[in-house]
>>> print(open('final-v9.cif').read())   # mmCIF, C-alpha atoms
data_start
#
loop_
_atom_site.label_atom_id
_atom_site.label_comp_id
_atom_site.auth_asym_id
_atom_site.auth_seq_id
_atom_site.Cartn_x
_atom_site.Cartn_y
_atom_site.Cartn_z
CA MET A 390 -1.26 17.94 -5.19
CA SER A 391 -2.62 18.61 -1.74
CA ALA A 392 -3.71 16.13 0.90
CA SER A 393 -7.10 17.83 1.00
CA TYR A 394 -7.67 16.99 -2.68
CA PHE A 395 -6.55 13.42 -1.97
CA GLN A 396 -9.10 13.30 0.85
CA GLN A 397 -11.83 14.44 -1.57
CA LEU A 398 -10.99 11.58 -3.94
CA HIS A 399 -12.18 9.19 -1.21
CA GLN A 400 -15.70 10.67 -1.26
CA GLN A 401 -16.69 9.72 -4.83
CA ALA A 402 -19.47 7.36 -5.86
CA LEU A 403 -17.01 4.92 -7.41
CA PRO A 404 -13.93 3.76 -5.48
CA LEU A 405 -10.71 5.68 -6.03
CA LEU A 406 -8.44 3.42 -8.11
CA LEU A 407 -5.00 3.94 -6.65
CA ALA A 408 -2.28 3.11 -9.19
CA ASN A 409 0.50 1.33 -7.29
CA ILE A 410 3.88 2.38 -8.68
CA TRP A 411 7.51 1.85 -7.68
CA ASP A 412 9.69 4.23 -9.73
CA PRO A 413 9.48 7.36 -11.90
CA ALA A 414 8.79 5.40 -15.10
CA SER A 415 5.80 3.58 -13.63
CA ALA A 416 4.58 6.89 -12.17
CA VAL A 417 4.72 8.53 -15.61
CA LEU A 418 2.86 5.64 -17.26
CA ALA A 419 0.10 5.76 -14.63
CA GLN A 420 -0.36 9.50 -15.18
CA GLN A 421 -0.48 9.04 -18.96
CA GLN A 422 -3.31 6.52 -18.51
CA GLY A 423 -5.43 8.92 -16.47
CA ALA A 424 -4.72 7.88 -12.88
CA LYS A 425 -6.19 10.23 -10.27
CA ALA A 426 -3.67 9.37 -7.56
CA LEU A 427 -0.60 7.20 -7.04
CA GLY A 428 0.50 4.94 -4.23
CA THR A 429 3.73 3.04 -3.71
CA SER A 430 3.65 -0.69 -3.11
CA SER A 431 6.15 -1.42 -0.36
CA ALA A 432 6.94 -4.80 -1.89
CA ALA A 433 7.37 -3.47 -5.44
CA LEU A 434 9.50 -0.54 -4.28
CA ALA A 435 11.76 -2.81 -2.22
CA TRP A 436 12.10 -5.43 -4.96
CA SER A 437 12.90 -2.79 -7.58
CA LEU A 438 15.81 -1.62 -5.42
CA GLY A 439 17.13 -5.09 -4.60
CA TYR A 440 15.68 -5.63 -1.13
CA LYS A 441 13.17 -7.97 0.44
CA ASP A 442 9.78 -6.64 1.46
CA GLY A 443 9.13 -6.15 5.17
CA GLU A 444 11.16 -3.02 6.08
CA HIS A 445 14.45 -4.41 4.73
CA LEU A 446 14.68 -1.34 2.48
CA PRO A 447 16.83 1.27 4.29
CA VAL A 448 14.97 4.47 5.08
CA VAL A 449 17.54 6.53 3.19
CA GLU A 450 16.78 4.43 0.08
CA LEU A 451 13.05 4.87 0.62
CA LEU A 452 13.35 8.64 0.83
CA ALA A 453 15.62 8.81 -2.21
CA ALA A 454 13.15 6.71 -4.21
CA ILE A 455 10.23 8.96 -3.25
CA LYS A 456 12.26 12.05 -4.20
CA ARG A 457 12.90 10.57 -7.67
CA ILE A 458 9.22 9.71 -8.13
CA GLN A 459 8.16 13.20 -7.08
CA ARG A 460 10.38 14.74 -9.78
CA VAL A 461 7.94 13.46 -12.42
CA ASN A 462 4.73 13.19 -10.42
CA LYS A 463 1.87 15.71 -10.59
CA LEU A 464 -0.71 13.63 -8.67
CA PRO A 465 -1.37 12.98 -4.98
CA LEU A 466 1.10 10.32 -3.82
CA SER A 467 0.53 7.95 -0.90
CA VAL A 468 3.58 6.11 0.44
CA ASP A 469 3.39 2.70 2.08
CA ILE A 470 5.72 2.85 5.09
CA GLU A 471 4.67 -0.56 6.45
CA GLN A 472 4.95 -0.36 10.26
CA GLY A 473 6.83 2.92 10.09
CA TYR A 474 10.30 1.34 10.20
CA SER A 475 10.32 1.59 13.99
CA LYS A 476 8.44 0.64 17.15
CA ASP A 477 9.13 4.14 18.49
CA PRO A 478 6.14 6.40 17.67
CA GLU A 479 8.32 9.53 17.69
CA GLN A 480 10.74 8.01 15.19
CA VAL A 481 7.84 7.05 12.94
CA ALA A 482 6.60 10.65 13.14
CA ARG A 483 10.02 11.95 12.11
CA LEU A 484 9.95 9.74 9.01
CA VAL A 485 6.46 10.99 8.17
CA LEU A 486 7.60 14.61 8.42
CA GLN A 487 10.42 13.87 5.98
CA LEU A 488 7.88 12.45 3.53
CA VAL A 489 5.61 15.46 3.93
CA THR A 490 8.58 17.67 3.07
CA LEU A 491 8.82 15.72 -0.19
CA GLY A 492 5.19 16.58 -0.97
CA VAL A 493 3.54 13.29 -0.08
CA ALA A 494 -0.28 13.49 0.32
CA GLY A 495 -0.80 10.28 2.29
CA ILE A 496 0.76 7.26 3.94
CA ASN A 497 -0.15 3.67 4.71
CA LEU A 498 0.76 2.65 8.25
CA GLU A 499 -0.02 -0.92 9.33
CA ASP A 500 -0.50 -2.83 12.56
CA GLY A 501 1.06 -6.00 11.11
CA SER A 502 2.32 -8.24 13.90
CA GLU A 503 2.15 -5.48 16.52
CA SER A 504 -0.69 -4.51 18.84
CA PRO A 505 -3.39 -2.09 17.73
CA GLU A 506 -2.43 0.09 20.69
CA LEU A 507 1.05 0.59 19.23
CA LEU A 508 -0.38 1.65 15.88
CA CYS A 509 -2.66 4.11 17.71
CA ALA A 510 0.38 5.58 19.43
CA LYS A 511 2.17 5.96 16.09
CA ILE A 512 -0.82 7.67 14.49
CA ARG A 513 -1.21 10.05 17.43
CA SER A 514 2.50 10.89 17.34
CA CYS A 515 2.27 11.63 13.61
CA ARG A 516 -0.70 13.93 14.13
CA GLU A 517 1.09 15.79 16.90
CA ALA A 518 4.23 16.20 14.78
CA LEU A 519 2.20 17.38 11.78
CA ALA A 520 0.75 20.15 13.95
CA GLY A 521 -2.33 20.63 11.80
CA ARG A 522 -0.72 19.99 8.42
CA GLU A 523 -2.89 17.74 6.29
CA LEU A 524 -1.88 14.16 5.53
CA PHE A 525 -4.16 11.22 4.68
CA ILE A 526 -3.24 8.46 7.12
CA ASN A 527 -4.52 5.11 5.88
CA ALA A 528 -4.35 2.65 8.77
CA ARG A 529 -3.89 -0.92 7.55
CA THR A 530 -5.07 -3.86 9.62
CA ASP A 531 -3.82 -7.34 8.79
CA ILE A 532 -6.64 -9.38 10.31
CA TYR A 533 -7.50 -11.01 6.98
CA LEU A 534 -4.05 -10.87 5.41
CA ALA A 535 -2.43 -12.67 8.34
CA GLY A 536 -5.42 -14.95 8.95
CA LEU A 537 -5.75 -13.80 12.55
CA ALA A 538 -9.52 -14.48 12.61
CA GLU A 539 -12.34 -15.66 10.36
CA GLY A 540 -16.03 -15.06 9.79
CA GLN A 541 -17.95 -12.73 12.05
CA THR A 542 -15.08 -12.67 14.55
CA ALA A 543 -12.80 -11.11 11.93
CA VAL A 544 -15.49 -8.54 11.06
CA GLU A 545 -15.91 -7.53 14.71
CA ILE A 546 -12.17 -7.23 15.30
CA CYS A 547 -11.86 -4.99 12.23
CA MET A 548 -14.68 -2.81 13.57
CA GLU A 549 -12.94 -2.51 16.93
CA ARG A 550 -9.62 -1.60 15.36
CA ALA A 551 -11.24 0.88 12.99
CA ALA A 552 -12.76 2.73 15.94
CA LEU A 553 -9.39 2.83 17.71
CA TYR A 554 -7.48 4.01 14.65
CA GLN A 555 -10.05 6.66 13.76
CA ALA A 556 -9.98 8.03 17.30
CA ALA A 557 -6.17 8.19 17.07
CA GLY A 558 -6.37 10.26 13.88
CA ALA A 559 -6.58 7.85 10.93
CA ASP A 560 -8.45 9.01 7.81
CA GLY A 561 -9.04 5.60 6.25
CA LEU A 562 -8.88 1.87 6.94
CA PHE A 563 -7.10 -0.57 4.62
CA ILE A 564 -8.17 -4.23 4.94
CA PRO A 565 -6.12 -6.34 2.49
CA CYS A 566 -7.42 -9.85 1.63
CA LEU A 567 -11.00 -9.03 2.59
CA THR A 568 -13.11 -10.29 -0.35
CA GLU A 569 -16.45 -11.62 1.01
CA PRO A 570 -19.29 -9.24 -0.05
CA LEU A 571 -21.38 -9.55 3.10
CA ALA A 572 -18.39 -8.83 5.34
CA ILE A 573 -17.41 -5.87 3.13
CA GLN A 574 -20.92 -4.45 3.39
CA GLN A 575 -21.05 -4.91 7.17
CA LEU A 576 -17.76 -3.13 7.63
CA CYS A 577 -18.56 -0.27 5.26
CA GLN A 578 -21.85 0.33 7.06
CA ALA A 579 -20.30 0.22 10.54
CA ILE A 580 -17.06 2.15 9.93
CA GLN A 581 -17.19 5.91 9.50
CA ILE A 582 -13.90 6.40 7.66
CA PRO A 583 -13.35 5.30 4.02
CA ILE A 584 -12.48 1.63 3.51
CA ASN A 585 -9.68 0.61 1.16
CA LEU A 586 -9.44 -2.92 -0.28
CA MET A 587 -6.69 -4.63 -2.26
CA TRP A 588 -7.46 -6.08 -5.68
CA LEU A 589 -7.61 -9.87 -5.81
CA ALA A 590 -9.04 -12.11 -8.51
CA ASN A 591 -12.03 -13.10 -6.35
CA LEU A 592 -12.91 -9.55 -5.30
CA PRO A 593 -16.26 -8.11 -6.54
CA ASP A 594 -15.95 -5.69 -9.47
CA LYS A 595 -15.74 -1.90 -9.09
CA THR A 596 -19.47 -1.34 -9.49
CA GLN A 597 -20.30 -3.95 -6.86
CA LEU A 598 -17.67 -2.55 -4.52
CA ALA A 599 -19.19 0.91 -4.91
CA ALA A 600 -22.62 -0.47 -4.01
CA LEU A 601 -21.13 -2.15 -0.94
CA GLY A 602 -19.58 1.15 0.18
CA VAL A 603 -15.87 0.71 -0.66
CA LYS A 604 -14.11 4.04 -1.30
CA ARG A 605 -10.63 2.99 -2.44
CA LEU A 606 -9.11 0.09 -4.35
CA SER A 607 -5.38 -0.51 -4.63
CA TYR A 608 -3.40 -3.17 -6.46
CA GLY A 609 -0.47 -3.86 -4.16
CA PRO A 610 2.44 -5.47 -6.06
CA ALA A 611 0.18 -6.89 -8.82
CA LEU A 612 1.19 -4.33 -11.48
CA PHE A 613 4.89 -4.81 -10.70
CA LEU A 614 4.58 -8.59 -10.94
CA HIS A 615 2.64 -8.37 -14.20
CA CYS A 616 5.27 -6.02 -15.63
CA TYR A 617 8.18 -8.25 -14.70
CA GLN A 618 6.40 -11.38 -15.83
CA SER A 619 6.15 -9.75 -19.25
CA LEU A 620 9.86 -8.92 -19.08
CA GLN A 621 10.62 -12.51 -18.14
CA HIS A 622 8.61 -13.61 -21.18
CA GLN A 623 10.66 -11.39 -23.50
CA MET A 624 13.98 -12.42 -21.97
CA ALA A 625 13.10 -16.09 -22.33
CA GLN A 626 12.46 -15.53 -26.02
CA GLN A 627 15.44 -13.26 -26.71
CA LEU A 628 18.09 -14.83 -24.49
CA GLY A 629 16.96 -18.41 -24.11
CA SER A 630 15.63 -21.14 -26.30
CA GLY A 631 12.45 -19.27 -27.06
CA VAL A 632 10.53 -21.50 -24.65
CA LEU A 633 8.96 -19.69 -21.71
CA MET A 634 10.02 -20.64 -18.23
CA SER A 635 7.43 -22.86 -16.60
CA GLU A 636 7.52 -21.07 -13.25
CA GLN A 637 5.61 -17.84 -12.77
CA LEU A 638 7.38 -14.78 -11.43
CA THR A 639 6.56 -14.28 -7.77
CA GLY A 640 7.78 -12.06 -5.00
CA LEU A 641 9.09 -15.10 -3.16
CA ARG A 642 11.47 -15.96 -5.99
CA LEU A 643 12.74 -12.37 -6.04
CA GLU A 644 13.32 -12.41 -2.30
CA GLN A 645 15.19 -15.74 -2.53
CA TRP A 646 17.41 -14.15 -5.16
CA TYR A 647 18.12 -11.16 -2.93
CA GLU A 648 19.24 -13.53 -0.16
CA SER A 649 21.57 -15.47 -2.45
CA GLU A 650 25.27 -14.89 -3.07
CA ALA A 651 24.42 -13.87 -6.62
CA ALA A 652 22.84 -10.67 -5.33
CA VAL A 653 25.82 -9.68 -3.19
#
>>> encode(input="final-v9.cif", output="structure tokens")
Amino acid sequence: MSASYFQQLHQQALPLLLANIWDPASAVLAQQQGAKALGTSSAALAWSLGYKDGEHLPVVELLAAIKRIQRVNKLPLSVDIEQGYSKDPEQVARLVLQLVTLGVAGINLEDGSESPELLCAKIRSCREALAGRELFINARTDIYLAGLAEGQTAVEICMERAALYQAAGADGLFIPCLTEPLAIQQLCQAIQIPINLMWLANLPDKTQLAALGVKRLSYGPALFLHCYQSLQHQMAQQLGSGVLMSEQLTGLRLEQWYESEAAV
């Protein structure tokens, strides 16, 4: 579906619930359950293909994975490309054009450990390369996720970055790990583009988020982890003693496995 329709989904009264998927099977299941749009989780996609999160997944693998998902997908798809797999804005734009060719409706592009000015340059380069073609660019800022600031200082920094990213051409702002209702309300009132939050156990519910002004809610790797925790449960019963493993499945344990000789 088109990027313009995806844009419209961010203007509803209730937040758009973005189903985070990682392969064709998860994409099919999300569509069967009535999802309005899909989004890849960079962590889940990388883990499912045997790589660590954090741009360790080769770009050729990323593109192949998106092509497989698009074979079964009939919904708008947003792809998390982390920091764009490059510090070169033109190279990031080339990757984005490849994704657009595959029918992607949106991307997530984050500042991460880099300066907001670099993310602005990447967004501008993408807009120039797109030459008027529609694509929902969701700019992610890691102020809360990385613990770069707290309290009102964090709110003000997010406002500053939102203004920069919007001016560069971003359509939305993603603020993972923001959960405090007053801060959410302040940011939604001050920022003109739709705000996207990531589901966490201590986040207000959907109705409260709607009242605060949130327009999009995504789940990150939570669905992947829940799925594989269930698989771990079944394997422990079928292959082991029938006693569940005491440790919970986490991304860290997967990444340790990928670094071990067993994964070579």
>>> resolve_selection(input="final-v9.cif", expression="the PyMOL selection byres ((chain A and resi 506) around 12)", output="ChimeraX atom specification")
/A:476,478,499-505,507-513,549-554,556-557
>>> atom_distance(input="final-v9.cif", atom1="atom CA of Ala414 of chain A", atom2="atom CA of Pro565 of chain A")
25.9 Å
>>> atom_distance(input="final-v9.cif", atom1="atom CA of Arg460 of chain A", atom2="atom CA of Trp411 of chain A")
13.4 Å
>>> resolve_selection(input="final-v9.cif", expression="the PyMOL selection byres ((chain A and resi 525) around 9)", output="PyMOL selection string")
chain A and resi 392-393+395-396+467+494-497+523-524+526-527+559-561
>>> resolve_selection(input="final-v9.cif", expression="the PyMOL selection byres ((chain A and resi 532-542) around 6)", output="PyMOL selection string")
chain A and resi 530-531+543-545+565-567
>>> build_atoms(input="final-v9.cif", residues="segment 454-465 of chain A", atoms="all heavy atoms", output="tab-separated table (two decimals), in the coordinates of the input")
chain	number	residue	atom	x	y	z
A	454	ALA	N	14.07	7.21	-3.19
A	454	ALA	CA	13.15	6.71	-4.21
A	454	ALA	C	11.94	7.62	-4.35
A	454	ALA	O	11.49	7.92	-5.46
A	454	ALA	CB	12.71	5.29	-3.87
A	455	ILE	N	11.40	8.08	-3.21
A	455	ILE	CA	10.23	8.96	-3.25
A	455	ILE	C	10.61	10.30	-3.89
A	455	ILE	O	9.83	10.87	-4.68
A	455	ILE	CB	9.66	9.18	-1.84
A	455	ILE	CG1	9.21	7.85	-1.23
A	455	ILE	CG2	8.50	10.18	-1.88
A	455	ILE	CD1	8.24	7.06	-2.09
A	456	LYS	N	11.80	10.78	-3.59
A	456	LYS	CA	12.26	12.05	-4.20
A	456	LYS	C	12.33	11.91	-5.71
A	456	LYS	O	11.93	12.83	-6.45
A	456	LYS	CB	13.62	12.44	-3.62
A	456	LYS	CG	14.10	13.81	-4.06
A	456	LYS	CD	15.39	14.20	-3.35
A	456	LYS	CE	15.83	15.59	-3.75
A	456	LYS	NZ	17.09	16.00	-3.03
A	457	ARG	N	12.82	10.78	-6.22
A	457	ARG	CA	12.90	10.57	-7.67
A	457	ARG	C	11.51	10.50	-8.29
A	457	ARG	O	11.26	11.06	-9.36
A	457	ARG	CB	13.68	9.29	-7.97
A	457	ARG	CG	15.18	9.39	-7.69
A	457	ARG	CD	15.93	8.22	-8.27
A	457	ARG	NE	15.59	6.95	-7.64
A	457	ARG	CZ	16.18	6.45	-6.57
A	457	ARG	NH1	17.17	7.15	-5.98
A	457	ARG	NH2	15.83	5.29	-6.07
A	458	ILE	N	10.59	9.80	-7.63
A	458	ILE	CA	9.22	9.71	-8.13
A	458	ILE	C	8.58	11.09	-8.19
A	458	ILE	O	7.90	11.45	-9.16
A	458	ILE	CB	8.39	8.75	-7.25
A	458	ILE	CG1	8.86	7.31	-7.46
A	458	ILE	CG2	6.89	8.88	-7.56
A	458	ILE	CD1	8.29	6.32	-6.45
A	459	GLN	N	8.79	11.88	-7.15
A	459	GLN	CA	8.16	13.20	-7.08
A	459	GLN	C	8.69	14.17	-8.14
A	459	GLN	O	8.00	15.15	-8.46
A	459	GLN	CB	8.35	13.80	-5.68
A	459	GLN	CG	7.53	13.09	-4.59
A	459	GLN	CD	6.03	13.29	-4.76
A	459	GLN	OE1	5.42	12.79	-5.70
A	459	GLN	NE2	5.44	14.02	-3.83
A	460	ARG	N	9.87	13.88	-8.70
A	460	ARG	CA	10.38	14.74	-9.78
A	460	ARG	C	9.47	14.71	-11.00
A	460	ARG	O	9.39	15.69	-11.75
A	460	ARG	CB	11.78	14.27	-10.20
A	460	ARG	CG	12.89	14.61	-9.24
A	460	ARG	CD	14.26	14.24	-9.81
A	460	ARG	NE	14.54	14.94	-11.05
A	460	ARG	CZ	14.60	14.35	-12.25
A	460	ARG	NH1	14.37	13.07	-12.38
A	460	ARG	NH2	14.88	15.07	-13.33
A	461	VAL	N	8.77	13.59	-11.22
A	461	VAL	CA	7.94	13.46	-12.42
A	461	VAL	C	6.45	13.38	-12.10
A	461	VAL	O	5.62	13.31	-13.00
A	461	VAL	CB	8.34	12.20	-13.23
A	461	VAL	CG1	9.80	12.28	-13.65
A	461	VAL	CG2	8.10	10.92	-12.42
A	462	ASN	N	6.11	13.41	-10.84
A	462	ASN	CA	4.73	13.19	-10.42
A	462	ASN	C	3.97	14.50	-10.22
A	462	ASN	O	4.46	15.42	-9.57
A	462	ASN	CB	4.70	12.38	-9.11
A	462	ASN	CG	3.29	12.21	-8.58
A	462	ASN	OD1	2.35	11.99	-9.35
A	462	ASN	ND2	3.14	12.31	-7.28
A	463	LYS	N	2.74	14.54	-10.77
A	463	LYS	CA	1.87	15.71	-10.59
A	463	LYS	C	0.58	15.35	-9.86
A	463	LYS	O	-0.34	16.18	-9.78
A	463	LYS	CB	1.54	16.32	-11.96
A	463	LYS	CG	2.77	16.82	-12.71
A	463	LYS	CD	2.40	17.38	-14.07
A	463	LYS	CE	3.63	17.87	-14.82
A	463	LYS	NZ	3.28	18.40	-16.17
A	464	LEU	N	0.50	14.12	-9.33
A	464	LEU	CA	-0.71	13.63	-8.67
A	464	LEU	C	-0.47	13.44	-7.18
A	464	LEU	O	0.68	13.37	-6.73
A	464	LEU	CB	-1.13	12.29	-9.28
A	464	LEU	CG	-1.46	12.28	-10.77
A	464	LEU	CD1	-1.75	10.85	-11.21
A	464	LEU	CD2	-2.63	13.19	-11.08
A	465	PRO	N	-1.54	13.33	-6.38
A	465	PRO	CA	-1.37	12.98	-4.98
A	465	PRO	C	-0.66	11.63	-4.86
A	465	PRO	O	-1.01	10.68	-5.58
A	465	PRO	CB	-2.80	12.89	-4.45
A	465	PRO	CG	-3.61	13.70	-5.38
A	465	PRO	CD	-2.97	13.55	-6.72
